[in-house]
Every structure is written in structure tokens, then in C-alpha cells.
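Chemist: Structure file final.cif, mmCIF, C-alpha atoms, is pasted below:
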```cif
data_data
loop_
_atom_site.group_PDB
_atom_site.id
_atom_site.type_symbol
_atom_site.label_atom_id
_atom_site.label_comp_id
_atom_site.auth_asym_id
_atom_site.auth_seq_id
_atom_site.Cartn_x
_atom_site.Cartn_y
_atom_site.Cartn_z
ATOM 1 C CA MET K 16 65.518 34.294 -8.587
ATOM 2 C CA ILE K 17 68.552 34.022 -10.859
ATOM 3 C CA ASP K 18 70.298 30.701 -10.485
ATOM 4 C CA GLY K 19 72.941 29.141 -12.681
ATOM 5 C CA LEU K 20 76.513 28.043 -13.087
ATOM 6 C CA ASN K 21 79.193 30.696 -12.534
ATOM 7 C CA ASP K 22 80.453 30.411 -16.097
ATOM 8 C CA GLN K 23 76.936 31.210 -17.288
ATOM 9 C CA LEU K 24 76.458 34.164 -14.981
ATOM 10 C CA ASN K 25 79.645 36.130 -15.678
ATOM 11 C CA LYS K 26 81.759 37.211 -18.622
ATOM 12 C CA LYS K 27 85.456 37.703 -17.903
ATOM 13 C CA LEU K 28 86.620 40.934 -19.537
ATOM 14 C CA HIS K 29 90.136 41.179 -20.953
ATOM 15 C CA ASN K 30 91.403 42.909 -17.804
ATOM 16 C CA GLY K 31 90.146 40.046 -15.630
ATOM 17 C CA VAL K 32 87.053 41.811 -14.257
ATOM 18 C CA GLU K 33 83.979 39.568 -14.075
ATOM 19 C CA MET K 34 80.963 41.298 -15.641
ATOM 20 C CA PRO K 35 77.493 39.821 -15.113
ATOM 21 C CA ARG K 36 76.105 38.477 -18.392
ATOM 22 C CA PHE K 37 72.598 39.544 -17.399
ATOM 23 C CA GLY K 38 71.443 42.856 -15.984
ATOM 24 C CA LEU K 39 68.735 45.482 -15.888
ATOM 25 C CA GLY K 40 68.637 48.270 -18.464
ATOM 26 C CA VAL K 41 67.012 51.430 -17.091
ATOM 27 C CA TYR K 42 66.540 53.493 -20.276
ATOM 28 C CA LYS K 43 63.300 55.552 -20.188
ATOM 29 C CA MET K 44 62.732 54.821 -16.493
ATOM 30 C CA THR K 45 61.734 58.431 -15.858
ATOM 31 C CA ASP K 46 59.215 58.009 -13.040
ATOM 32 C CA LYS K 47 61.572 58.334 -10.077
ATOM 33 C CA GLU K 48 59.599 56.245 -7.591
ATOM 34 C CA ALA K 49 58.791 53.493 -10.097
ATOM 35 C CA ALA K 50 62.423 53.394 -11.228
ATOM 36 C CA VAL K 51 63.777 52.893 -7.706
ATOM 37 C CA GLU K 52 61.141 50.245 -7.003
ATOM 38 C CA ALA K 53 61.951 48.370 -10.227
ATOM 39 C CA MET K 54 65.680 48.404 -9.500
ATOM 40 C CA ILE K 55 65.216 47.184 -5.927
ATOM 41 C CA THR K 56 62.917 44.429 -7.226
ATOM 42 C CA ALA K 57 65.543 43.392 -9.772
ATOM 43 C CA ILE K 58 68.351 43.311 -7.220
ATOM 44 C CA GLY K 59 66.101 41.271 -4.934
ATOM 45 C CA GLU K 60 65.563 38.812 -7.794
ATOM 46 C CA GLY K 61 69.312 38.337 -8.086
ATOM 47 C CA TYR K 62 70.201 40.851 -10.807
ATOM 48 C CA LYS K 63 73.817 41.848 -10.240
ATOM 49 C CA ALA K 64 74.078 44.576 -12.892
ATOM 50 C CA ILE K 65 72.326 47.854 -13.656
ATOM 51 C CA ASP K 66 73.001 49.811 -16.852
ATOM 52 C CA THR K 67 72.316 53.553 -16.747
ATOM 53 C CA ALA K 68 73.592 56.692 -18.511
ATOM 54 C CA THR K 69 73.677 60.429 -17.975
ATOM 55 C CA ILE K 70 70.981 60.991 -20.605
ATOM 56 C CA TYR K 71 68.607 58.549 -18.856
ATOM 57 C CA ASP K 72 68.278 61.073 -16.010
ATOM 58 C CA ASN K 73 68.077 58.350 -13.362
ATOM 59 C CA GLU K 74 71.616 57.933 -12.050
ATOM 60 C CA ALA K 75 70.517 59.295 -8.651
ATOM 61 C CA GLU K 76 67.750 56.673 -8.555
ATOM 62 C CA VAL K 77 70.279 53.919 -9.328
ATOM 63 C CA GLY K 78 72.367 55.042 -6.367
ATOM 64 C CA GLU K 79 69.319 55.184 -4.116
ATOM 65 C CA ALA K 80 68.168 51.715 -5.192
ATOM 66 C CA VAL K 81 71.607 50.217 -4.551
ATOM 67 C CA ARG K 82 71.791 51.754 -1.083
ATOM 68 C CA ASN K 83 68.279 50.542 -0.204
ATOM 69 C CA SER K 84 68.627 47.082 -1.728
ATOM 70 C CA GLY K 85 70.305 45.353 1.187
ATOM 71 C CA VAL K 86 73.081 44.203 -1.184
ATOM 72 C CA LYS K 87 76.645 45.490 -0.805
ATOM 73 C CA ARG K 88 77.785 47.992 -3.429
ATOM 74 C CA GLU K 89 80.812 45.832 -4.253
ATOM 75 C CA ASP K 90 78.546 42.878 -5.068
ATOM 76 C CA LEU K 91 76.834 44.835 -7.861
ATOM 77 C CA PHE K 92 78.060 45.954 -11.291
ATOM 78 C CA ILE K 93 77.013 49.484 -12.263
ATOM 79 C CA THR K 94 77.510 50.931 -15.755
ATOM 80 C CA SER K 95 77.034 54.523 -16.906
ATOM 81 C CA LYS K 96 77.843 56.464 -20.077
ATOM 82 C CA VAL K 97 79.029 59.931 -21.073
ATOM 83 C CA TRP K 98 76.445 61.710 -23.233
ATOM 84 C CA ASN K 99 77.184 63.183 -26.645
ATOM 85 C CA THR K 100 77.067 66.855 -25.635
ATOM 86 C CA ASP K 101 79.569 66.141 -22.825
ATOM 87 C CA GLN K 102 82.179 64.550 -25.093
ATOM 88 C CA GLY K 103 85.794 65.673 -25.449
ATOM 89 C CA TYR K 104 88.719 65.101 -23.081
ATOM 90 C CA ASP K 105 88.142 67.663 -20.314
ATOM 91 C CA GLU K 106 84.379 67.572 -20.760
ATOM 92 C CA THR K 107 84.315 63.785 -20.212
ATOM 93 C CA LEU K 108 86.293 64.068 -17.000
ATOM 94 C CA ARG K 109 83.795 66.635 -15.722
ATOM 95 C CA ALA K 110 80.828 64.534 -16.880
ATOM 96 C CA PHE K 111 82.154 61.498 -15.050
ATOM 97 C CA GLU K 112 82.620 63.479 -11.847
ATOM 98 C CA ALA K 113 79.007 64.680 -12.121
ATOM 99 C CA SER K 114 77.734 61.130 -12.709
ATOM 100 C CA LEU K 115 79.628 59.822 -9.708
ATOM 101 C CA LYS K 116 78.159 62.634 -7.582
ATOM 102 C CA ARG K 117 74.598 61.854 -8.731
ATOM 103 C CA LEU K 118 75.106 58.154 -8.031
ATOM 104 C CA ASP K 119 76.850 58.996 -4.735
ATOM 105 C CA PHE K 120 79.447 56.289 -5.443
ATOM 106 C CA ASP K 121 83.222 56.222 -5.092
ATOM 107 C CA TYR K 122 83.701 54.350 -8.374
ATOM 108 C CA LEU K 123 81.916 52.799 -11.354
ATOM 109 C CA ASP K 124 82.301 49.243 -12.604
ATOM 110 C CA LEU K 125 82.060 50.263 -16.264
ATOM 111 C CA TYR K 126 82.058 53.642 -18.016
ATOM 112 C CA LEU K 127 81.264 53.978 -21.711
ATOM 113 C CA THR K 128 81.233 56.541 -24.506
ATOM 114 C CA HIS K 129 77.524 56.620 -25.402
ATOM 115 C CA TRP K 130 77.891 57.308 -29.156
ATOM 116 C CA ALA K 131 80.836 57.855 -31.505
ATOM 117 C CA ILE K 132 80.586 61.628 -32.041
ATOM 118 C CA GLU K 133 82.858 62.512 -34.939
ATOM 119 C CA GLY K 134 85.833 64.629 -33.935
ATOM 120 C CA LYS K 135 85.293 63.891 -30.248
ATOM 121 C CA TYR K 136 84.972 60.164 -29.540
ATOM 122 C CA VAL K 137 88.716 59.424 -29.629
ATOM 123 C CA ASP K 138 89.446 62.185 -27.076
ATOM 124 C CA THR K 139 86.447 61.036 -25.046
ATOM 125 C CA TYR K 140 87.854 57.530 -24.881
ATOM 126 C CA ARG K 141 91.292 58.926 -23.976
ATOM 127 C CA ALA K 142 89.683 60.611 -20.946
ATOM 128 C CA ILE K 143 87.926 57.371 -20.012
ATOM 129 C CA GLN K 144 91.320 55.636 -20.122
ATOM 130 C CA ARG K 145 92.598 58.202 -17.622
ATOM 131 C CA LEU K 146 89.690 57.409 -15.278
ATOM 132 C CA TYR K 147 90.635 53.737 -15.557
ATOM 133 C CA ASP K 148 94.303 54.479 -14.853
ATOM 134 C CA GLU K 149 93.235 56.458 -11.778
ATOM 135 C CA LYS K 150 91.132 53.453 -10.629
ATOM 136 C CA LEU K 151 87.893 55.415 -10.629
ATOM 137 C CA VAL K 152 86.400 52.788 -12.958
ATOM 138 C CA ARG K 153 87.032 49.043 -12.894
ATOM 139 C CA SER K 154 86.516 48.601 -16.631
ATOM 140 C CA ILE K 155 85.973 50.808 -19.671
ATOM 141 C CA GLY K 156 84.487 50.680 -23.115
ATOM 142 C CA VAL K 157 82.236 52.208 -25.722
ATOM 143 C CA SER K 158 78.663 52.028 -26.949
ATOM 144 C CA ASN K 159 77.265 52.235 -30.479
ATOM 145 C CA HIS K 160 80.670 51.981 -32.148
ATOM 146 C CA HIS K 161 81.073 50.366 -35.564
ATOM 147 C CA GLU K 162 84.245 48.558 -36.604
ATOM 148 C CA HIS K 163 85.760 51.685 -38.182
ATOM 149 C CA HIS K 164 85.196 53.630 -34.930
ATOM 150 C CA LEU K 165 86.910 50.886 -32.940
ATOM 151 C CA GLU K 166 89.825 50.765 -35.380
ATOM 152 C CA LYS K 167 90.429 54.486 -34.856
ATOM 153 C CA ILE K 168 90.384 54.048 -31.060
ATOM 154 C CA LEU K 169 92.612 50.965 -31.122
ATOM 155 C CA ALA K 170 95.189 52.800 -33.237
ATOM 156 C CA THR K 171 96.101 55.055 -30.281
ATOM 157 C CA ALA K 172 94.625 53.405 -27.171
ATOM 158 C CA ASN K 173 96.876 52.336 -24.310
ATOM 159 C CA THR K 174 94.022 50.219 -22.951
ATOM 160 C CA LYS K 175 91.618 48.860 -25.515
ATOM 161 C CA PRO K 176 87.874 48.871 -24.773
ATOM 162 C CA MET K 177 86.649 45.945 -22.713
ATOM 163 C CA VAL K 178 83.034 46.312 -23.879
ATOM 164 C CA ASN K 179 81.099 47.569 -26.898
ATOM 165 C CA GLN K 180 77.396 48.013 -26.135
ATOM 166 C CA ILE K 181 75.344 47.908 -29.349
ATOM 167 C CA GLU K 182 71.779 47.423 -30.535
ATOM 168 C CA LEU K 183 71.496 43.681 -31.030
ATOM 169 C CA HIS K 184 68.561 41.282 -31.288
ATOM 170 C CA PRO K 185 67.442 38.419 -33.552
ATOM 171 C CA GLN K 186 66.504 40.843 -36.351
ATOM 172 C CA LEU K 187 69.822 42.722 -36.014
ATOM 173 C CA THR K 188 72.449 40.079 -35.274
ATOM 174 C CA GLN K 189 75.487 42.271 -36.129
ATOM 175 C CA VAL K 190 77.642 39.203 -36.873
ATOM 176 C CA PRO K 191 80.551 41.015 -38.638
ATOM 177 C CA LEU K 192 80.875 43.540 -35.783
ATOM 178 C CA ARG K 193 80.588 40.773 -33.177
ATOM 179 C CA ASN K 194 83.332 38.817 -34.955
ATOM 180 C CA TYR K 195 85.582 41.899 -34.994
ATOM 181 C CA CYS K 196 84.987 42.439 -31.279
ATOM 182 C CA GLU K 197 85.738 38.793 -30.531
ATOM 183 C CA GLU K 198 89.009 38.974 -32.496
ATOM 184 C CA ASN K 199 89.996 41.993 -30.377
ATOM 185 C CA ASP K 200 88.801 40.529 -27.057
ATOM 186 C CA ILE K 201 86.049 43.131 -26.667
ATOM 187 C CA ALA K 202 82.890 41.833 -24.974
ATOM 188 C CA VAL K 203 79.565 42.750 -26.586
ATOM 189 C CA THR K 204 76.509 43.941 -24.659
ATOM 190 C CA SER K 205 73.106 43.886 -26.382
ATOM 191 C CA TRP K 206 70.794 46.855 -25.952
ATOM 192 C CA SER K 207 67.201 46.638 -27.185
ATOM 193 C CA PRO K 208 67.646 42.843 -26.875
ATOM 194 C CA LEU K 209 63.914 42.202 -27.451
ATOM 195 C CA ALA K 210 63.720 44.594 -30.428
ATOM 196 C CA ARG K 211 61.349 46.817 -28.425
ATOM 197 C CA GLY K 212 58.687 44.090 -28.387
ATOM 198 C CA ARG K 213 58.638 43.649 -32.187
ATOM 199 C CA LEU K 214 59.501 39.941 -31.873
ATOM 200 C CA LEU K 215 57.060 38.936 -29.171
ATOM 201 C CA GLU K 216 54.582 37.431 -31.635
ATOM 202 C CA ASP K 217 57.078 35.892 -34.053
ATOM 203 C CA PRO K 218 55.903 32.377 -35.076
ATOM 204 C CA VAL K 219 59.390 30.821 -35.058
ATOM 205 C CA LEU K 220 60.095 32.131 -31.575
ATOM 206 C CA SER K 221 56.606 31.155 -30.434
ATOM 207 C CA LYS K 222 57.176 27.542 -31.502
ATOM 208 C CA ILE K 223 60.533 27.380 -29.718
ATOM 209 C CA ALA K 224 59.049 28.964 -26.579
ATOM 210 C CA LYS K 225 56.256 26.379 -26.427
ATOM 211 C CA GLN K 226 58.768 23.538 -26.717
ATOM 212 C CA HIS K 227 60.573 24.809 -23.617
ATOM 213 C CA ASN K 228 57.476 26.012 -21.738
ATOM 214 C CA LYS K 229 58.984 29.497 -21.696
ATOM 215 C CA SER K 230 57.934 32.939 -22.916
ATOM 216 C CA ILE K 231 59.245 34.362 -26.190
ATOM 217 C CA ALA K 232 61.137 37.022 -24.193
ATOM 218 C CA GLN K 233 62.881 34.287 -22.180
ATOM 219 C CA VAL K 234 63.851 32.457 -25.380
ATOM 220 C CA ILE K 235 65.321 35.656 -26.873
ATOM 221 C CA ILE K 236 67.291 36.417 -23.702
ATOM 222 C CA ARG K 237 68.559 32.829 -23.677
ATOM 223 C CA TRP K 238 69.647 33.249 -27.323
ATOM 224 C CA HIS K 239 71.719 36.279 -26.320
ATOM 225 C CA LEU K 240 73.355 34.385 -23.466
ATOM 226 C CA GLN K 241 74.189 31.341 -25.595
ATOM 227 C CA SER K 242 75.593 33.683 -28.257
ATOM 228 C CA ASP K 243 78.199 34.814 -25.677
ATOM 229 C CA LEU K 244 76.548 38.223 -25.353
ATOM 230 C CA ILE K 245 75.849 40.328 -22.273
ATOM 231 C CA VAL K 246 72.178 41.268 -22.171
ATOM 232 C CA ILE K 247 70.310 44.080 -20.374
ATOM 233 C CA PRO K 248 66.531 43.811 -20.883
ATOM 234 C CA LYS K 249 64.486 46.726 -19.532
ATOM 235 C CA SER K 250 61.246 46.545 -17.576
ATOM 236 C CA VAL K 251 59.579 48.362 -14.695
ATOM 237 C CA LYS K 252 56.998 45.612 -14.138
ATOM 238 C CA PRO K 253 57.915 43.281 -11.238
ATOM 239 C CA SER K 254 56.391 40.263 -13.000
ATOM 240 C CA ARG K 255 58.399 40.914 -16.160
ATOM 241 C CA ILE K 256 61.587 41.573 -14.165
ATOM 242 C CA GLN K 257 61.116 38.193 -12.488
ATOM 243 C CA GLU K 258 60.249 36.413 -15.748
ATOM 244 C CA ASN K 259 63.277 37.814 -17.571
ATOM 245 C CA ALA K 260 65.571 36.409 -14.885
ATOM 246 C CA HIS K 261 64.367 32.823 -15.266
ATOM 247 C CA VAL K 262 66.591 31.964 -18.209
ATOM 248 C CA PHE K 263 69.338 29.887 -16.624
ATOM 249 C CA ASP K 264 67.341 26.679 -16.206
ATOM 250 C CA PHE K 265 67.052 25.682 -19.870
ATOM 251 C CA SER K 266 69.132 25.625 -23.047
ATOM 252 C CA LEU K 267 68.349 26.148 -26.710
ATOM 253 C CA THR K 268 69.509 23.461 -29.111
ATOM 254 C CA GLN K 269 71.997 24.164 -31.873
ATOM 255 C CA GLU K 270 69.150 23.945 -34.397
ATOM 256 C CA GLU K 271 67.016 26.397 -32.403
ATOM 257 C CA MET K 272 69.923 28.833 -32.192
ATOM 258 C CA LYS K 273 70.323 28.598 -35.976
ATOM 259 C CA MET K 274 66.591 29.214 -36.505
ATOM 260 C CA ILE K 275 66.795 32.372 -34.390
ATOM 261 C CA ASP K 276 69.977 33.539 -36.144
ATOM 262 C CA GLU K 277 68.136 33.270 -39.458
ATOM 263 C CA LEU K 278 65.535 35.823 -38.328
ATOM 264 C CA ASN K 279 68.096 38.555 -39.027
ATOM 265 C CA GLN K 280 66.895 41.394 -41.280
ATOM 266 C CA ASP K 281 69.517 44.025 -40.314
ATOM 267 C CA TRP K 282 66.567 45.978 -38.893
ATOM 268 C CA ARG K 283 67.308 48.717 -36.367
ATOM 269 C CA SER K 284 64.897 50.056 -33.778
ATOM 270 C CA GLY K 285 67.333 52.881 -33.052
ATOM 271 C CA THR K 286 69.771 55.125 -34.899
ATOM 272 C CA ASN K 287 72.651 53.831 -36.991
ATOM 273 C CA PRO K 288 75.845 55.034 -35.257
ATOM 274 C CA ASP K 289 77.048 56.508 -38.550
ATOM 275 C CA ASP K 290 74.020 58.809 -38.612
ATOM 276 C CA ILE K 291 74.378 60.256 -35.116
ATOM 277 C CA THR K 292 75.350 63.931 -34.882
ATOM 278 C CA VAL K 293 74.624 65.060 -31.292
#
```
Using the file provided, produce a representation of the structure as C-alpha cells.

Modeler:
Amino acid sequence: MIDGLNDQLNKKLHNGVEMPRFGLGVYKMTDKEAAVEAMITAIGEGYKAIDTATIYDNEAEVGEAVRNSGVKREDLFITSKVWNTDQGYDETLRAFEASLKRLDFDYLDLYLTHWAIEGKYVDTYRAIQRLYDEKLVRSIGVSNHHEHHLEKILATANTKPMVNQIELHPQLTQVPLRNYCEENDIAVTSWSPLARGRLLEDPVLSKIAKQHNKSIAQVIIRWHLQSDLIVIPKSVKPSRIQENAHVFDFSLTQEEMKMIDELNQDWRSGTNPDDITV
């Protein structure tokens, strides 16, 4: 069960909304029954946030899990994203309406542009601003946006993004982009926070994990949290869902944080946002 101080558990976005620092990512949860079961397990373990997207094809399962969890909708933080082929102003408004219908919700806590599709992402964000103005979403932002994408959005935005969700892990620390986001009061969420398992046998992380009697995954998640990042590890296994949550009862030292920072190789498990086309 998640337990910790309030300032550890939530990140205050620039509009005052409190976003949980720790949540469940549901990418590639394609088995409907297993997905619902995993989400209900996570909520039961104290997870307050679920991160989905249109392209994940499990928004309906997120809605079902929330309704069957025994936890009030307003006590949970649900994120979704508009997919690349649905981008553009009018298209985004329609895509959001479809997402809300699949989820069977009245509102979303956070809605993001999934990727910065050239020629469309500025209009997409403009539509997301409208959804925010109409109070259909409590907070708004983007995903997979580099600094130059954000600069283009900020040049015309009435409401700047509250969140930028990016691939981020100890081998892709993204420090310059994180610094830019911090300067502009944009919170950063880490996707692929465990580098898709690539780091789970790393000797540096193994040594740190043994010192704290924790798993390497727990140490990496703790590194994200102490780096002032929001983190959304994915798992369908109940034991792993439980393990990932037990990260609020220990702290990494300054030296350990530095050792993990130095693992950076600028290595991506996913696509560089500049290379995305559709």
C-alpha cells in the first residue's frame, strides 16, 4: 500500500491542481480482462493515477476499472492523449469526445497531445486549451515534445502546458529539456521509467538496491521521485504492481542520486520526437 507524506505523493501543477507523482501506465495492456484486473489491483494498492491514451485501446477498461474499484472517481487522476492521426483543431475536439465516451466519464484530469506532429500540434494544443476553458479537463499538456516544440506552443498559448510527458530513465536523463520545463513551470512525467527492463541488472543500481534492501525497479522509481518527476511504471502483474508502490519508505542519498544520474547515455527505447511522422 502506498504511504508517504503529502508533499511526496503529489505535484502541484501551475494551475493549482494536485497531480499524483506516482501512477500506473497502461500502455500495451491489450488483454481486456487482465487490464481491468491490473488497474483494480493498482487502485486497491493506493495508486491514485492511471495514464492511458486513445492508441492504447483500453480507455473503456480504465473506465470500467475505476467504476469497479470502490474508489470515488474524483479521488483518482485519469490522463489520456489524442493520437497522431486525430490531430488538428476540430479533429482533436472530436477525438476527446470519443475518449470521454469510451471512458464513460464527465471529465478528464489531464489531456495531452501524444506526439508533436508537424503542422498540426499547435492547432491540436489550441483545441486542448478550449477543452480546458470549457472545464472538460482539469489540466492540460503535451507528450513527447522537445524544447523547440514547446517554444512554438508557448509563443501563442493562452494557457501554457502544465505537463510534458517524455521518455525518461537513468540512461536518458533529458536534463536540458527538464531544465527548460522547470524554468517554464511545466511538470515532467517519465514514460518508460525503467527503460523497458534494460536497467534491471545494472551493477551500480544493484549495489544501491542491496544497500536499501529494495529491488532495482524500486530504486529507479525512487530516483524519479527524488528528481521531482512524475512516474508511471507499467505492469499487469499484481506482485510487481505492489512492489512498485513501496517506494515512499526510503530515500536515496545525494551520492546515490549522482551515481544514477551518471548512468546517462542519451539512449532511447522509443522514437525521437523529431523523427515521428504519423

Chemist: Which residues of region 94-192 of chain K come within 9 Å of region 237-257 of chain K, and what is each one's closest atom pair and distance in Å (one decimal), counting only C-alpha atoms, sorted by chain and residue number, as JSON lines?

Modeler:
```
{"residue": "K:Gln180", "atom": "CA", "partner": "K:Ile245", "partner_atom": "CA", "distance": 8.7}
{"residue": "K:Leu183", "atom": "CA", "partner": "K:His239", "partner_atom": "CA", "distance": 8.8}
{"residue": "K:His184", "atom": "CA", "partner": "K:His239", "partner_atom": "CA", "distance": 7.7}
{"residue": "K:Pro185", "atom": "CA", "partner": "K:Trp238", "partner_atom": "CA", "distance": 8.4}
```

Chemist: Hey, what's within 7 Å of Ala142 (chain K) if we count all atoms listed in the file and toss same-chain stuff fewer than 2 positions away? As number ranges by chain, please?

Modeler: K: 104, 107-108, 138-140, 144-146

Chemist: Could you tell me, as a count of residues only, exactly which residues end up selected when the PyMOL selection byres ((chain K and resi 158) around 7) is applied to this structure?

Modeler: 10

Chemist: Near Ser221 (chain K), counting only C-alpha atoms, which residues have an atom at most 12 Å away, once you skip same-chain residues fewer than 4 positions from it, shown as a PyMOL selection string?

Modeler: chain K and resi 214-217+225-235+271+274-275

Chemist: Choose the residue, out of K:Thr292, K:Gln189, K:Thr204, K:Ser266, that has the smallest atom-to-atom separation from Glu162 (chain K); count all atoms listed in the file.

Modeler: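 Checking each of K:Thr292, K:Gln189, K:Thr204, K:Ser266 against Glu162 (chain K), counting all atoms listed in the file, the winner is K:Gln189.
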
Chemist: Between K:Asp148, K:Gln23, K:His164, K:Leu28, single out the one closest to Phe265 (chain K), counting all atoms listed in the file.

Modeler: K:Gln23

Chemist: Using only C-alpha atoms, find the one residue out of K:Asp72, K:Ala64, K:Val81, K:Leu91 that sits nearest to Ala113 (chain K).

Modeler: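 Checking each of K:Asp72, K:Ala64, K:Val81, K:Leu91 against Ala113 (chain K), counting only C-alpha atoms, the winner is K:Asp72.
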
Chemist: If you measure from CA of Thr188 (chain K) to CA of Asn279 (chain K), what distance in Å do you get, rounded to one decimal?

Modeler: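 Straight-line distance from CA of Thr188 (chain K) to CA of Asn279 (chain K) works out to 5.9 Å.
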
Chemist: Pick from K:Glu48, K:Tyr126, K:Lys26, K:Asp121: nearest to Ala68 (chain K), with all atoms listed in the file counted?

Modeler: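 Checking each candidate against Ala68 (chain K), we get K:Tyr126 as the closest.
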
Chemist: Take CA of Gln186 (chain K) and CA of Gly285 (chain K) and report the distance between them in Å, one decimal.

Modeler: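 Between these atoms lies a distance of 12.5 Å.
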
Chemist: By how many Å are CA of Phe111 (chain K) and CA of Val293 (chain K) apart?

Modeler: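 These two atoms are separated by 18.3 Å.
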
Chemist: Please determine the residues with any atom at most 6 Å from (65.4, 57.8, -22.4) (coordinates as given in the file, with all atoms listed in the file counting) and report them as JSON, numbers by chain.

Modeler: {"K": [42, 43, 71]}

Chemist: Got a sec to resolve the PyMOL selection byres ((chain K and resi 124) around 8) on this structure and send the residues as JSON, numbers by chain?

Modeler: {"K": [92, 93, 94, 122, 123, 125, 126, 152, 153, 154]}

Chemist: Using C-alpha atoms, can you export the residues from the last selection as a PDB file, in the frame of the given file?

Modeler:
```
ATOM      1  CA  PHE K  92      78.060  45.954 -11.291  1.00  0.00           C
ATOM      2  CA  ILE K  93      77.013  49.484 -12.263  1.00  0.00           C
ATOM      3  CA  THR K  94      77.510  50.931 -15.755  1.00  0.00           C
ATOM      4  CA  TYR K 122      83.701  54.350  -8.374  1.00  0.00           C
ATOM      5  CA  LEU K 123      81.916  52.799 -11.354  1.00  0.00           C
ATOM      6  CA  LEU K 125      82.060  50.263 -16.264  1.00  0.00           C
ATOM      7  CA  TYR K 126      82.058  53.642 -18.016  1.00  0.00           C
ATOM      8  CA  VAL K 152      86.400  52.788 -12.958  1.00  0.00           C
ATOM      9  CA  ARG K 153      87.032  49.043 -12.894  1.00  0.00           C
ATOM     10  CA  SER K 154      86.516  48.601 -16.631  1.00  0.00           C
TER      11      SER K 154
END
```

Chemist: Which one of K:Thr286, K:Glu166, K:Leu220, K:Gly40 sits closest to Met272 (chain K) if you count all atoms listed in the file?

Modeler: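 Going through K:Thr286, K:Glu166, K:Leu220, K:Gly40 one by one, the smallest distance to Met272 (chain K) is for K:Leu220.
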
Chemist: Could you tell me, as a VMD selection string, exactly which residues end up selected when the PyMOL selection byres ((chain K and resi 178) around 6) is applied to this structure?

Modeler: chain K and resid 156 176 to 177 179 201 to 203
